[in-house]
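The structure under discussion appears below in the form of structure tokens.
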Number of protein chains: 2
Amino acid sequence: MNVKKKSILDAATALFSRNGYHAVGVDSIVAKSNVAKMTFYKHYPSKEFLIESVLFQRDQDLRDSICAAIDKRRTPKTKVKAIFDWYEEWFAAPDFHGCMFIKATEEFPDIGVKIREISQNHKIWMEGMISDLLKEGDIKSHTEMAIHILIVLDGLTVRSNMFKSEAKNAVRIAWRYVNNMIDADH
Amino acid sequence: MNVKKKSILDAATALFSRNGYHAVGVDSIVAKSNVAKMTFYKHYPSKEFLIESVLFQRDQDLRDSICAAIDKRRTPKTKVKAIFDWYEEWFAAPDFHGCMFIKATEEFPDIGVKIREISQNHKIWMEGMISDLLKEGDIKSHTEMAIHILIVLDGLTVRSNMFKSEAKNAVRIAWRYVNNMIDADH
DNA sequence: ATAAAAACATACAGATCAGTCTGTATGCCA
DNA sequence: TGGCATACAGACTGATCTGTATGTTTTTAT
């Protein structure tokens, strides 16, 4: 990708992630990315298109990062545990301000909007990926359990954004119950 | 409360709940509540103060509503189940667009802001209320389990906002696992 | 009935919003 | 060296933002 275009995308990702989508103006993105305004509008014809691009890229990055974390473990259950570890590390990052897809869904209520669709697709991918892991671990109701685990992960994300200092403890508690749940299904 | 003031509060609650806080302007609140702009600023000296008032009132209303639902049941576990039922009914409402406190936390990242504080207090109350119910039901680790249940409830809320048509199914799945978790602790 | 209080409509200030336009400078390639 | 694409800075448009000012009408209480 063009170096200027990438610079805009990175600046927008950081600003949107922290402040939300409506609260961030194009001018501040232009300023942060050290780019002329016309250059911005050449690469991204509208703010909405930029938001879609940011979410699309974020989805790609998260898939890569989570898959890399999973691939380091061998058994299905330790792979699921790796996801919780990944989230714990994410929560501890200084630039953590919640999930960009949840934020997008909260800020754009109109159904059928592409911004929501991209967000939904990310969650659907997460759900399928977890379901596959559970299936590999011989969990009978892997589909439903994957839904529940994703609910727990999103609940953890919201809570860690609200009570940042307690994120580590919350992940520990949640994983203990999820671990018991997995064991009880065998 | 003054009838005009209440009208403003109700209109603001509906608009903020659906569209978020930054996306809603004072003019649209004034229009929806059929009030003059000066009347608005007499009762609420700033938009930020209005948001705080909306969240404070919402907290009060939710506590009353959830407590009323709990009081209809007798045993501790059916009381916890009543909370899940309450959420399921909430998700099915046509004006459901997610949790106003989660939305506020996503849109106002600066720590120490009163808007965040009110949101945190609501979640702390929920946690304590659930913990008390579990303690009454002789759950040993009632404090930690309450945290986990609140995580599940917030995860359900986020998911139901994203996939509205699947809310009922998600609540059913989540309650089944929570029910097992409670039984396993005895 | 009359005076005080509240709410009215509307215009305005100053800032910021998304997006456009102009004209200039820089780098690359032939 | 000449031609061209890209990016530059910054002014500008029209709309919208929060909040204020002004003068009139309606409600309320004595």
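Residue names in the structure tokens use chain letters A, B, ... in the order shown, residue numbers from 1 in each chain, and ligand numbers from 1 in the order shown.
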Could the residues of chain A that have an atom at most 9 Å from chain B be listed as a tab-separated table, each with its closest atom pair and the distance in Å to one decimal, counting only C-alpha atoms and ordered by chain and ascending residue number?
```
residue	atom	partner	partner_atom	distance
A:Arg18	CA	B:Pro109	CA	6.5
A:Asn19	CA	B:Glu107	CA	6.1
A:Gly20	CA	B:Glu107	CA	5.6
A:Tyr21	CA	B:Glu107	CA	8.6
A:His22	CA	B:Ala23	CA	6.2
A:Ala23	CA	B:His22	CA	6.2
A:His97	CA	B:Pro109	CA	7.2
A:Gly98	CA	B:Glu106	CA	7.0
A:Cys99	CA	B:Glu106	CA	8.8
A:Ile102	CA	B:Val158	CA	7.0
A:Lys103	CA	B:Glu106	CA	6.2
A:Thr105	CA	B:Met162	CA	6.4
A:Glu106	CA	B:Lys103	CA	6.2
A:Glu107	CA	B:Gly20	CA	5.6
A:Phe108	CA	B:Asn19	CA	6.9
A:Pro109	CA	B:Asn19	CA	6.3
A:Asp110	CA	B:Asn19	CA	9.0
A:Arg116	CA	B:Met162	CA	7.7
A:Ser119	CA	B:Met162	CA	8.3
A:Gln120	CA	B:Met162	CA	6.7
A:Lys123	CA	B:Arg159	CA	9.0
A:Glu144	CA	B:Ile173	CA	6.6
A:Met145	CA	B:Ile173	CA	7.9
A:Ile147	CA	B:Ala170	CA	7.3
A:His148	CA	B:Ala174	CA	5.8
A:Leu150	CA	B:Gly155	CA	7.9
A:Ile151	CA	B:Gly155	CA	4.5
A:Val152	CA	B:Val152	CA	5.3
A:Leu153	CA	B:Gly155	CA	7.3
A:Asp154	CA	B:Gly155	CA	5.0
A:Gly155	CA	B:Gly155	CA	3.8
A:Leu156	CA	B:Ile151	CA	5.8
A:Thr157	CA	B:Gly155	CA	8.5
A:Val158	CA	B:Ile102	CA	7.0
A:Arg159	CA	B:Ile151	CA	6.9
A:Asn161	CA	B:Thr105	CA	7.5
A:Met162	CA	B:Thr105	CA	6.4
A:Phe163	CA	B:Gln120	CA	7.7
A:Ala170	CA	B:Ile147	CA	7.4
A:Ile173	CA	B:Glu144	CA	6.6
A:Ala174	CA	B:His148	CA	5.8
A:Tyr177	CA	B:Met181	CA	7.4
A:Asn180	CA	B:Met181	CA	8.3
A:Met181	CA	B:Tyr177	CA	7.4
```
Write out as a VMD selection string which residues come within 9 Å of DA18 (chain C) when counting only C-alpha atoms (C1' of nucleotides), dropping same-chain ones fewer than 5 positions away. chain A and resid 25 to 26 46 to 47
Please produce a file of those selected residues containing C-alpha atoms, as a short mmCIF file (atom, residue, chain, number, x, y, z; two decimals), in the first residue's frame.
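Writing the result to result-v1.cif gives the following:
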```
data_model
loop_
_atom_site.label_atom_id
_atom_site.label_comp_id
_atom_site.auth_asym_id
_atom_site.auth_seq_id
_atom_site.Cartn_x
_atom_site.Cartn_y
_atom_site.Cartn_z
CA GLY A 25 -12.83 14.96 12.45
CA VAL A 26 -11.08 14.60 9.13
CA SER A 46 -15.26 10.09 2.19
CA LYS A 47 -14.97 9.69 5.93
#
```
Please report, as CSV, each residue of chain B lying at most 8 Å from chain C, together with the nearest pair of atoms and the separation in Å rounded to one decimal; use only C-alpha atoms (C1' of nucleotides), and order rows by chain and ascending residue number.
```
residue,atom,partner,partner_atom,distance
B:Val35,CA,C:DA7,C1',7.9
B:Ala36,CA,C:DC8,C1',6.4
B:Thr39,CA,C:DA7,C1',6.5
```
Restricting the output to N, CA and C atoms, write the selected residues as a tab-separated table (two decimals), in the first residue's frame.
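Result saved to selection-v7.tsv:
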```tsv
chain	number	residue	atom	x	y	z
B	35	VAL	N	-39.63	22.02	22.96
B	35	VAL	CA	-39.23	22.96	24.00
B	35	VAL	C	-38.36	24.03	23.34
B	36	ALA	N	-38.40	25.23	23.89
B	36	ALA	CA	-37.53	26.28	23.35
B	36	ALA	C	-36.09	26.04	23.79
B	39	THR	N	-35.22	27.28	27.17
B	39	THR	CA	-35.77	26.43	28.23
B	39	THR	C	-34.84	25.25	28.49
```
Provide as a list of chain:residue names the residues of chain D at most 12 Å from chain B, counting only C-alpha atoms (C1' of nucleotides).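 Here they are: D:DT16, D:DC17, D:DT18, D:DG19, D:DT20, D:DA21, D:DT22.
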For Asp59 (chain A): contacts at 12 Å, only C-alpha atoms (C1' of nucleotides), fewer than 2 positions along chain excluded, given as a list of chain:residue names: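 In the requested form, the answer reads A:Thr13, A:Glu52, A:Ser53, A:Val54, A:Leu55, A:Phe56, A:Gln57, A:Asp61, A:Leu62, A:Arg63, A:Asp64, A:Ser65, A:Ile66, A:Cys99, A:Met100, A:Phe101, A:Ile115, A:Glu117, A:Ile118, A:Ser119, A:Gln120, A:Asn121, A:His122, A:Lys123, A:Ile124, A:Trp125, A:Met126.
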Distance CA of Ala14 (chain B)-CA of Lys79 (chain B), one decimal place?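 The value is 28.7 Å.
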Ala11 (chain A): which residues within 10 Å, counting only C-alpha atoms (C1' of nucleotides), same-chain residues fewer than 4 positions away excluded, as a VMD selection string? chain A and resid 6 to 7 15 to 17 28 to 34 54
